[in-house]
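*Asks:* My structure file final_35.cif, mmCIF, C-alpha atoms and all ligand atoms, is below:
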data_run
loop_
_atom_site.label_atom_id
_atom_site.label_comp_id
_atom_site.auth_asym_id
_atom_site.auth_seq_id
_atom_site.Cartn_x
_atom_site.Cartn_y
_atom_site.Cartn_z
CA MET A 1 71.94 58.79 113.30
CA PRO A 2 74.39 61.73 113.44
CA VAL A 3 76.68 62.23 110.42
CA VAL A 4 79.69 62.52 112.73
CA THR A 5 80.11 60.93 116.15
CA VAL A 6 83.30 61.62 118.05
CA GLN A 7 83.88 59.62 121.21
CA GLU A 8 86.64 60.28 123.71
CA LEU A 9 89.02 61.11 120.88
CA SER A 10 92.62 61.76 121.95
CA LYS A 11 95.92 62.36 120.20
CA ARG A 12 99.48 62.40 121.50
CA TYR A 13 102.07 63.21 118.82
CA THR A 14 104.96 61.68 120.77
CA PRO A 15 104.84 58.92 123.40
CA GLN A 16 105.90 61.22 126.26
CA GLY A 17 104.36 64.37 124.80
CA PRO A 18 101.21 66.20 125.90
CA LEU A 19 97.74 65.34 124.61
CA ALA A 20 97.13 67.60 121.60
CA VAL A 21 93.52 66.39 121.71
CA ASP A 22 92.27 65.20 125.06
CA GLY A 23 89.14 63.04 125.31
CA VAL A 24 86.95 65.05 122.95
CA SER A 25 83.34 63.91 122.32
CA PHE A 26 80.61 65.48 120.19
CA ALA A 27 78.15 64.61 117.44
CA ILE A 28 77.05 66.51 114.34
CA GLU A 29 73.60 66.07 112.87
CA GLN A 30 72.75 65.90 109.19
CA GLY A 31 72.63 69.39 107.64
CA GLU A 32 74.23 71.11 110.60
CA ILE A 33 76.98 73.73 110.49
CA PHE A 34 79.09 72.90 113.51
CA SER A 35 82.06 75.06 114.50
CA LEU A 36 85.06 74.26 116.62
CA LEU A 37 86.21 77.59 118.05
CA GLY A 38 89.52 77.87 119.83
CA PRO A 39 92.82 79.74 120.01
CA ASN A 40 96.13 78.66 118.45
CA GLY A 41 97.15 75.19 119.57
CA ALA A 42 93.69 74.26 120.86
CA GLY A 43 93.69 71.01 118.86
CA LYS A 44 91.32 71.94 116.03
CA THR A 45 93.55 70.81 113.15
CA THR A 46 94.51 67.64 115.00
CA THR A 47 90.81 66.81 115.43
CA ILE A 48 90.12 67.46 111.73
CA ALA A 49 93.15 65.35 110.77
CA MET A 50 91.82 62.39 112.76
CA LEU A 51 88.32 62.78 111.28
CA SER A 52 89.75 62.87 107.78
CA THR A 53 91.90 59.78 108.60
CA LEU A 54 95.21 61.59 108.02
CA LEU A 55 96.18 60.91 111.62
CA SER A 56 95.26 57.88 113.70
CA PRO A 57 93.84 58.52 117.17
CA THR A 58 95.87 57.62 120.26
CA ALA A 59 92.62 56.75 122.03
CA GLY A 60 88.92 56.90 121.31
CA ASP A 61 87.27 56.70 117.91
CA ALA A 62 85.08 58.68 115.54
CA TRP A 63 82.44 57.59 113.07
CA VAL A 64 81.53 59.31 109.82
CA ASN A 65 78.23 58.11 108.38
CA GLY A 66 78.61 55.07 110.65
CA HIS A 67 82.15 54.23 109.51
CA SER A 68 84.95 54.17 112.04
CA VAL A 69 87.98 56.34 111.20
CA ARG A 70 90.14 53.61 112.73
CA ALA A 71 88.60 50.54 111.13
CA GLU A 72 87.18 51.83 107.84
CA PRO A 73 89.27 54.81 106.69
CA MET A 74 88.53 54.24 102.99
CA GLU A 75 84.77 54.43 103.54
CA VAL A 76 85.21 57.58 105.62
CA ARG A 77 87.29 59.28 102.93
CA ARG A 78 84.68 58.61 100.28
CA SER A 79 82.04 60.76 101.97
CA ILE A 80 84.14 63.76 103.02
CA GLY A 81 85.62 66.85 101.42
CA VAL A 82 88.54 68.39 103.28
CA VAL A 83 89.73 71.97 103.08
CA PRO A 84 93.08 71.97 104.91
CA GLN A 85 94.46 74.91 106.86
CA GLU A 86 97.73 74.65 104.93
CA LEU A 87 97.09 75.38 101.26
CA ALA A 88 97.39 72.25 99.11
CA LEU A 89 97.90 73.74 95.64
CA TYR A 90 100.32 73.29 92.77
CA GLU A 91 101.66 76.79 92.18
CA ASN A 92 102.83 76.01 88.64
CA LEU A 93 99.42 74.78 87.54
CA SER A 94 96.38 76.94 86.82
CA ALA A 95 93.26 76.86 88.98
CA ARG A 96 91.52 74.72 86.41
CA GLU A 97 94.42 72.27 86.25
CA ASN A 98 94.57 72.04 90.04
CA LEU A 99 90.86 71.32 90.18
CA ARG A 100 91.16 68.64 87.48
CA PHE A 101 94.14 67.01 89.20
CA TRP A 102 92.52 66.86 92.63
CA GLY A 103 89.15 65.87 91.18
CA GLU A 104 90.69 62.90 89.38
CA MET A 105 92.55 61.95 92.56
CA ARG A 106 89.17 61.74 94.20
CA GLY A 107 87.80 59.48 91.46
CA LEU A 108 85.78 62.13 89.64
CA GLN A 109 86.02 62.22 85.84
CA GLY A 110 84.62 63.10 82.43
CA ARG A 111 81.82 65.53 81.82
CA ALA A 112 80.62 65.44 85.43
CA LEU A 113 84.03 66.62 86.63
CA ALA A 114 84.30 69.29 83.91
CA GLU A 115 80.89 70.70 84.82
CA ASP A 116 81.67 70.57 88.51
CA ILE A 117 84.93 72.48 87.91
CA ASP A 118 83.08 75.20 85.96
CA HIS A 119 80.51 75.44 88.73
CA LYS A 120 83.15 75.75 91.49
CA LEU A 121 85.13 78.35 89.51
CA GLU A 122 81.96 80.38 89.10
CA LEU A 123 81.03 80.09 92.78
CA THR A 124 84.48 81.13 93.96
CA GLY A 125 84.69 84.02 91.51
CA LEU A 126 87.84 82.57 89.92
CA ARG A 127 86.46 81.86 86.46
CA GLU A 128 88.15 84.76 84.70
CA ARG A 129 91.61 83.90 86.06
CA ALA A 130 91.11 80.11 85.89
CA GLY A 131 93.73 79.60 83.18
CA GLU A 132 96.51 81.49 84.95
CA ARG A 133 99.16 79.93 87.13
CA VAL A 134 98.30 79.83 90.82
CA SER A 135 101.66 81.49 91.58
CA THR A 136 100.19 84.73 90.16
CA TYR A 137 97.17 84.66 92.51
CA SER A 138 96.61 86.74 95.63
CA GLY A 139 96.41 85.01 99.02
CA GLY A 140 92.62 85.35 99.01
CA MET A 141 92.33 83.77 95.56
CA LYS A 142 94.47 80.83 96.70
CA ARG A 143 92.27 80.35 99.74
CA ARG A 144 89.18 80.32 97.51
CA LEU A 145 90.77 77.76 95.19
CA ASN A 146 91.75 75.61 98.17
CA LEU A 147 88.11 75.68 99.21
CA ALA A 148 86.86 74.87 95.70
CA ILE A 149 89.09 71.78 95.61
CA GLY A 150 87.77 70.48 98.92
CA LEU A 151 84.21 70.88 97.71
CA LEU A 152 84.56 69.09 94.37
CA GLY A 153 81.97 66.37 93.97
CA THR A 154 79.69 68.07 96.54
CA PRO A 155 80.68 65.77 99.44
CA PRO A 156 77.95 65.13 102.04
CA LEU A 157 80.34 66.11 104.85
CA VAL A 158 82.76 69.02 104.51
CA LEU A 159 85.63 69.61 106.95
CA LEU A 160 86.85 73.21 106.74
CA ASP A 161 89.96 74.07 108.74
CA GLU A 162 90.26 77.85 109.24
CA PRO A 163 89.42 78.64 105.61
CA THR A 164 89.47 82.42 106.11
CA VAL A 165 92.82 82.92 107.82
CA ALA A 166 94.82 85.88 106.50
CA ILE A 167 92.54 86.94 103.65
CA ASP A 168 90.91 90.13 102.45
CA PRO A 169 87.38 91.01 103.65
CA GLN A 170 85.86 90.39 100.21
CA SER A 171 87.21 86.84 99.96
CA ARG A 172 86.12 86.20 103.53
CA ARG A 173 82.57 87.36 102.73
CA HIS A 174 82.58 85.06 99.71
CA ILE A 175 83.65 82.06 101.74
CA LEU A 176 81.24 82.67 104.62
CA ASP A 177 78.30 83.05 102.23
CA TRP A 178 79.34 79.90 100.46
CA VAL A 179 79.49 77.93 103.69
CA LYS A 180 76.01 79.17 104.60
CA SER A 181 74.73 78.04 101.22
CA MET A 182 75.89 74.49 101.99
CA ARG A 183 73.15 74.22 104.57
CA VAL A 184 70.65 74.77 101.75
CA SER A 185 72.19 71.99 99.66
CA GLY A 186 71.89 69.59 102.62
CA GLN A 187 75.63 69.28 103.24
CA THR A 188 76.94 68.90 106.76
CA VAL A 189 79.81 71.19 107.75
CA LEU A 190 82.49 71.03 110.40
CA TYR A 191 84.16 74.45 110.49
CA THR A 192 87.12 75.45 112.62
CA THR A 193 88.05 79.01 113.42
CA HIS A 194 89.61 81.23 116.03
CA TYR A 195 87.34 84.13 115.00
CA MET A 196 84.36 84.27 117.32
CA GLU A 197 82.47 86.47 114.83
CA GLU A 198 82.59 83.68 112.25
CA ALA A 199 81.48 80.97 114.67
CA GLN A 200 78.69 83.29 115.77
CA GLU A 201 77.50 84.05 112.24
CA LEU A 202 77.68 80.58 110.74
CA SER A 203 77.00 77.95 113.31
CA ASP A 204 73.99 75.97 114.38
CA ARG A 205 76.12 74.78 117.29
CA ILE A 206 79.60 75.62 118.53
CA GLY A 207 82.18 73.59 120.40
CA ILE A 208 84.76 75.66 122.26
CA MET A 209 88.20 74.04 122.39
CA ASP A 210 91.16 74.97 124.53
CA GLN A 211 94.38 73.08 125.22
CA GLY A 212 93.10 69.90 123.59
CA ARG A 213 89.81 69.80 125.44
CA LEU A 214 86.26 70.58 124.43
CA ILE A 215 85.36 72.94 127.25
CA ALA A 216 81.81 73.87 126.16
CA LEU A 217 79.30 72.87 123.54
CA GLY A 218 75.95 74.29 122.51
CA THR A 219 74.05 76.85 120.49
CA LEU A 220 75.19 80.48 120.74
CA ASP A 221 72.38 81.23 123.19
CA GLU A 222 73.22 78.23 125.36
CA LEU A 223 76.89 79.22 125.48
CA VAL A 224 76.18 82.85 126.29
CA ASP A 225 73.91 81.67 129.11
CA LEU A 226 76.98 80.07 130.73
CA VAL A 227 78.24 83.56 131.54
CA GLY A 228 75.14 84.08 133.69
CA GLU A 229 74.26 87.53 134.93
CA HIS A 230 77.64 89.09 134.20
CA GLU A 231 78.20 92.15 132.05
CA THR A 232 81.21 92.83 129.88
CA LEU A 233 83.25 95.98 130.11
CA VAL A 234 86.02 96.71 127.64
CA LEU A 235 88.62 99.40 128.26
CA SER A 236 90.86 100.38 125.35
CA LEU A 237 94.12 101.96 126.41
CA VAL A 238 96.51 104.25 124.65
CA GLN A 239 99.50 102.23 125.86
CA GLU A 240 100.09 98.49 125.45
CA GLU A 241 102.56 98.37 128.31
CA GLY A 242 101.05 97.85 131.75
CA VAL A 243 97.79 96.49 130.36
CA GLU A 244 98.50 92.99 131.71
CA GLU A 245 99.14 94.46 135.15
CA LEU A 246 95.87 96.38 134.95
CA ALA A 247 93.99 93.18 134.09
CA THR A 248 95.55 91.42 137.08
CA ARG A 249 94.52 94.25 139.42
CA LEU A 250 90.98 94.44 138.01
CA ALA A 251 90.50 90.68 138.33
CA ALA A 252 91.08 91.07 142.08
CA LEU A 253 88.31 93.66 142.53
CA GLU A 254 85.12 92.67 144.28
CA GLY A 255 82.27 91.97 141.84
CA VAL A 256 84.69 91.30 138.97
CA ALA A 257 84.64 87.67 137.87
CA GLN A 258 87.46 87.78 135.32
CA ALA A 259 89.66 90.22 133.52
CA SER A 260 92.10 89.67 130.70
CA ALA A 261 94.34 91.77 128.47
CA SER A 262 95.01 91.64 124.75
CA ASP A 263 95.91 94.13 122.03
CA GLY A 264 95.89 97.12 124.36
CA GLU A 265 92.45 96.25 125.70
CA VAL A 266 91.23 94.92 129.01
CA THR A 267 88.02 92.90 128.93
CA LEU A 268 86.30 92.13 132.18
CA ASN A 269 83.22 90.24 133.28
CA ALA A 270 81.54 91.91 136.22
CA LEU A 271 78.23 91.67 138.05
CA SER A 272 77.67 95.31 137.18
CA ALA A 273 79.73 97.06 134.51
CA GLN A 274 78.49 100.39 135.83
CA ARG A 275 79.81 99.69 139.31
CA ALA A 276 83.11 98.29 138.05
CA LEU A 277 83.80 101.23 135.76
CA PRO A 278 84.88 103.96 138.26
CA ARG A 279 87.15 101.52 140.07
CA ALA A 280 88.60 100.31 136.76
CA LEU A 281 89.36 103.90 135.73
CA ALA A 282 90.97 104.59 139.10
CA GLU A 283 93.22 101.54 138.76
CA ALA A 284 94.18 102.55 135.22
CA GLY A 285 95.01 106.05 136.46
CA ALA A 286 97.10 104.65 139.32
CA LEU A 287 99.18 102.73 136.76
CA GLY A 288 99.57 105.84 134.60
CA LEU A 289 97.49 104.33 131.81
CA VAL A 290 95.31 106.50 129.58
CA VAL A 291 91.89 105.14 128.63
CA ARG A 292 91.02 105.80 124.99
CA ASN A 293 87.61 104.14 124.82
CA ILE A 294 85.08 102.46 127.11
CA GLU A 295 82.49 100.00 125.95
CA ILE A 296 79.84 97.92 127.70
CA ARG A 297 79.08 94.85 125.60
CA GLU A 298 76.48 92.17 125.49
CA PRO A 299 78.04 88.83 126.38
CA ASN A 300 79.41 87.05 123.30
CA LEU A 301 81.65 84.05 122.62
CA GLU A 302 84.70 86.09 123.62
CA THR A 303 83.10 86.63 127.02
CA VAL A 304 82.19 82.96 127.25
CA PHE A 305 85.80 81.96 126.57
CA LEU A 306 87.07 84.42 129.17
CA HIS A 307 84.47 83.13 131.63
CA LEU A 308 85.54 79.51 131.10
CA THR A 309 89.31 79.92 130.93
CA GLY A 310 90.16 83.26 132.50
CA ARG A 311 91.99 84.15 129.27
CA ALA A 312 91.18 86.08 126.10
CA LEU A 313 90.29 84.12 122.98
CA ARG A 314 92.13 86.54 120.73
CA ASP A 315 95.85 86.09 120.18
N1 LIG A 401 103.07 67.36 113.99
C1 LIG A 401 103.05 67.71 115.27
N2 LIG A 401 103.97 67.23 116.13
C2 LIG A 401 103.96 67.58 117.44
N3 LIG A 401 103.04 68.40 117.99
C3 LIG A 401 102.11 68.91 117.18
C4 LIG A 401 102.06 68.60 115.78
N4 LIG A 401 101.01 69.27 115.24
C5 LIG A 401 100.44 69.95 116.24
N5 LIG A 401 101.09 69.74 117.41
C6 LIG A 401 100.73 70.30 118.73
O1 LIG A 401 99.42 69.89 119.04
C7 LIG A 401 98.68 70.94 119.67
C8 LIG A 401 97.41 71.20 118.88
O2 LIG A 401 97.78 71.71 117.60
P1 LIG A 401 96.71 71.96 116.44
O3 LIG A 401 97.47 72.27 115.22
O4 LIG A 401 95.78 70.82 116.39
O5 LIG A 401 95.96 73.25 117.00
P2 LIG A 401 94.96 74.24 116.26
O6 LIG A 401 93.80 74.42 117.18
O7 LIG A 401 94.69 73.77 114.89
O8 LIG A 401 95.80 75.60 116.23
P3 LIG A 401 95.85 76.78 115.10
O9 LIG A 401 94.69 77.67 115.39
O10 LIG A 401 97.14 77.45 115.38
O11 LIG A 401 95.78 76.14 113.75
C9 LIG A 401 99.62 72.12 119.74
O12 LIG A 401 100.19 72.14 121.03
C10 LIG A 401 100.66 71.82 118.69
O13 LIG A 401 101.91 72.38 119.05
MG MG A 402 94.94 74.57 113.07
#
Please go through the file and, once you have read it, give me the structure as structure tokens.

*Replies:*
Amino acid sequence: MPVVTVQELSKRYTPQGPLAVDGVSFAIEQGEIFSLLGPNGAGKTTTIAMLSTLLSPTAGDAWVNGHSVRAEPMEVRRSIGVVPQELALYENLSARENLRFWGEMRGLQGRALAEDIDHKLELTGLRERAGERVSTYSGGMKRRLNLAIGLLGTPPLVLLDEPTVAIDPQSRRHILDWVKSMRVSGQTVLYTTHYMEEAQELSDRIGIMDQGRLIALGTLDELVDLVGEHETLVLSLVQEEGVEELATRLAALEGVAQASASDGEVTLNALSAQRALPRALAEAGALGLVVRNIEIREPNLETVFLHLTGRALRD
């Protein structure tokens, strides 16, 4: 039996409002690292909030270790550790005090809790600063503490909601390595991110979310196969202005499946990058845009997202 089964799960925050999560179904097997990848507003946090029983579904249901989030929320909570996207820390307490407080809230106590706290401080590299107030920590240290709290008691299922947002590369490396080590300890992980590199590095399987819907699901190889025979061409431009217009023009070219603009770059999926290139350069020139760099890439999750939605995954 899967550790998590999600069936036609939906959430509407207000009666007349849009579906923040729209009929999402997936299952996660024991020991799997499963990522939900999607841009801002895709519905990742809302999905996590329903799985952790913080929010009740508008429709559908989900089961954690066979317990329904609707009917048996207490049983669900007992087997999960949650690392929320918004930091849940007491700034006036030290790391150690935060860990003790949250550990006791979760019913952990005594020597087992004390040892667990030492272990988590060691793992997160916070041991030396553990007695200092959280208000004196860097953003990356706070993120690591947030993670340590969610993992107290070594829960069989861990829900991680964008645990690496806005942190330094070193803290990110720490967190990614830690998540990978959970596979070894037999924990099951649901990880959300809008960084395709993270989903790519960590996941056994990936669900791609957009506008409340799960638009694709599979291993990295299976997802990349969705793009088919297309190649990816990325043009970096000196200017940011006019890049949208260039993407629109390139999307209309024969042999070009999609094109989208972000951060002064145009990414396009074409049957042949080599054939698309001279025409792309001509269009850029016609718009007065200067090309700074040209790259032909292997298809990746970014390309898959563009293929499925016609838009870039990046903000
Ligand atoms: N409390 C709320 N009340 C009303 N609408 C909400 C609320 N929380 C989220 N939403 C809406 O629900 C949709 C999904 O939001 P959600 O936070 O689940 O997305 P997300 O994928 O986690 O995005 P991000 O990457 O920015 O964290 C968005 O359109 C958002 O505006
Ligand atoms: Mg979110």

*Asks:* What is the atom CA of A:Pro15 to atom O2 of ligand LIG 401 (chain A) distance in Å?

*Replies:*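 Rounded to one decimal, the two atoms are 15.7 Å apart.
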
*Asks:* If we count all atoms listed in the file and set the cut-off at 12 Å, which residues sit around A:Thr136, ignoring sequence neighbours fewer than 5 positions away in its own chain? Please answer as a JSON list (two decimals) with C-alpha atoms, keeping the file's coordinate frame.

*Replies:*
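Final output, out_29.json:
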[["chain", "number", "residue", "atom", "x", "y", "z"],
["A", 90, "TYR", "CA", 100.32, 73.29, 92.77],
["A", 91, "GLU", "CA", 101.66, 76.79, 92.18],
["A", 92, "ASN", "CA", 102.83, 76.01, 88.64],
["A", 93, "LEU", "CA", 99.42, 74.78, 87.54],
["A", 94, "SER", "CA", 96.38, 76.94, 86.82],
["A", 95, "ALA", "CA", 93.26, 76.86, 88.98],
["A", 129, "ARG", "CA", 91.61, 83.90, 86.06],
["A", 130, "ALA", "CA", 91.11, 80.11, 85.89],
["A", 131, "GLY", "CA", 93.73, 79.60, 83.18],
["A", 141, "MET", "CA", 92.33, 83.77, 95.56],
["A", 142, "LYS", "CA", 94.47, 80.83, 96.70]]

*Asks:* What does the distance from atom CA of A:Gly103 to atom CA of A:His119 come to in Å, to one decimal?

*Replies:* 13.1 Å

*Asks:* Counting all atoms listed in the file, which residues of stretch 28-139 of chain A fall within 12 Å of stretch 291-309 of chain A, and what is the closest atom pair for each with its distance in Å at one decimal, ordered by chain and rising number, as a Markdown table?

*Replies:*
| residue | atom | partner | partner_atom | distance |
| --- | --- | --- | --- | --- |
| A:Leu36 | CA | A:Leu301 | CA | 12.0 |
| A:Leu37 | CA | A:Leu301 | CA | 9.1 |
| A:Gly38 | CA | A:Phe305 | CA | 8.7 |
| A:Pro39 | CA | A:Phe305 | CA | 9.9 |

*Asks:* Hey, which of A:Asp225, A:Ile33, A:Arg127, A:Gln274 ends up closest to A:Leu176? Count only C-alpha atoms.

*Replies:*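 With only C-alpha atoms as the atom set, the closest residue is A:Ile33.
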
*Asks:* Neighbouring residues of ligand LIG 401 (chain A) are defined here as those with any atom at most 8 Å from a ligand atom, counting only C-alpha atoms and all ligand atoms; list them as a list of chain:residue names.

*Replies:*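 The residues within 8 Å of ligand LIG 401 (chain A), counting only C-alpha atoms and all ligand atoms, are A:Arg12, A:Tyr13, A:Thr14, A:Pro18, A:Leu19, A:Ala20, A:Val21, A:Gly38, A:Pro39, A:Asn40, A:Gly41, A:Ala42, A:Gly43, A:Lys44, A:Thr45, A:Thr46, A:Thr47, A:Gln85, A:Asp161, A:Glu162, A:Thr193, A:His194, A:Met209, A:Asp210, A:Gln211, A:Gly212.
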
*Asks:* Return the single residue from A:Thr192, A:Ala257, A:Thr5, A:Gly150 that is closest to ligand MG 402 (chain A), with distances computed using all atoms listed in the file.

*Replies:*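 Answer, going by the shortest atom-to-atom distance: A:Thr192.
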
*Asks:* Need to verify the contact set: A:Ser171, 9 Å, only C-alpha atoms, exclusion of same-chain residues closer than 2 positions in sequence. Can you return it as an NGL selection string?

*Replies:* :A and (124 or 140-141 or 143-144 or 164 or 167-169 or 173-176)

*Asks:* Which distance in Å separates atom CA of A:Val234 and atom CA of A:Gly285, to one decimal?

*Replies:*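 Going from atom CA of A:Val234 over to atom CA of A:Gly285 covers 15.7 Å.
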
*Asks:* Would you compute, for all listed atoms of stretch 296-300 of chain A, the axis-aligned bounding box grown by 5 Å on each side, and then report its centre and edge lengths in Å rounded to one decimal, as lines of an AutoDock Vina configuration file?

*Replies:*
center_x = 78.2
center_y = 92.5
center_z = 125.5
size_x = 13.4
size_y = 20.9
size_z = 14.4

*Asks:* Within 12 Å of (96.7, 98.6, 124.9) (file coordinates; all atoms listed in the file), which protein or nucleic acid residues are there? I'd like them as an NGL selection string.

*Replies:* :A and (234-247 or 260-267 or 284 or 289-293)

*Asks:* Once you count only C-alpha atoms, which residues end up no further than 12 Å from (78.3, 73.4, 101.4) in the file's frame, shown as an MDAnalysis selection string?

*Replies:* chainID A and resid 31:33 80:83 120 123 147:148 150:160 175:191 202

*Asks:* Let me make sure I understand: among A:Glu97, A:Glu283, A:Asp118, A:Glu86, which one has the smallest atom-to-atom distance to ligand MG 402 (chain A) if we use all atoms listed in the file?

*Replies:*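 Ranked by minimum distance to ligand MG 402 (chain A), first place goes to A:Glu86.
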
*Asks:* May I ask you to restore N, CA and C atoms in stretch 75-88 of chain A and write the result as a short mmCIF file (atom, residue, chain, number, x, y, z; two decimals), in the coordinates of the input?

*Replies:*
data_model
loop_
_atom_site.label_atom_id
_atom_site.label_comp_id
_atom_site.auth_asym_id
_atom_site.auth_seq_id
_atom_site.Cartn_x
_atom_site.Cartn_y
_atom_site.Cartn_z
N GLU A 75 86.19 54.06 103.60
CA GLU A 75 84.77 54.43 103.54
C GLU A 75 84.57 55.86 104.05
N VAL A 76 85.33 56.21 105.08
CA VAL A 76 85.21 57.58 105.62
C VAL A 76 85.63 58.59 104.56
N ARG A 77 86.76 58.32 103.91
CA ARG A 77 87.29 59.28 102.93
C ARG A 77 86.33 59.53 101.78
N ARG A 78 85.59 58.48 101.42
CA ARG A 78 84.68 58.61 100.28
C ARG A 78 83.58 59.65 100.51
N SER A 79 83.20 59.88 101.76
CA SER A 79 82.04 60.76 101.97
C SER A 79 82.44 62.15 102.48
N ILE A 80 83.75 62.45 102.50
CA ILE A 80 84.14 63.76 103.02
C ILE A 80 84.91 64.60 102.00
N GLY A 81 84.77 65.91 102.13
CA GLY A 81 85.62 66.85 101.42
C GLY A 81 86.41 67.59 102.48
N VAL A 82 87.71 67.74 102.27
CA VAL A 82 88.54 68.39 103.28
C VAL A 82 89.17 69.65 102.71
N VAL A 83 89.05 70.73 103.45
CA VAL A 83 89.73 71.97 103.08
C VAL A 83 90.77 72.23 104.16
N PRO A 84 92.05 71.90 103.87
CA PRO A 84 93.08 71.97 104.91
C PRO A 84 93.49 73.40 105.21
N GLN A 85 93.98 73.59 106.44
CA GLN A 85 94.46 74.91 106.86
C GLN A 85 95.68 75.33 106.03
N GLU A 86 96.58 74.37 105.79
CA GLU A 86 97.73 74.65 104.93
C GLU A 86 97.27 74.47 103.50
N LEU A 87 97.53 75.46 102.65
CA LEU A 87 97.09 75.38 101.26
C LEU A 87 97.71 74.17 100.58
N ALA A 88 96.89 73.39 99.85
CA ALA A 88 97.39 72.25 99.11
C ALA A 88 97.15 72.52 97.63
#
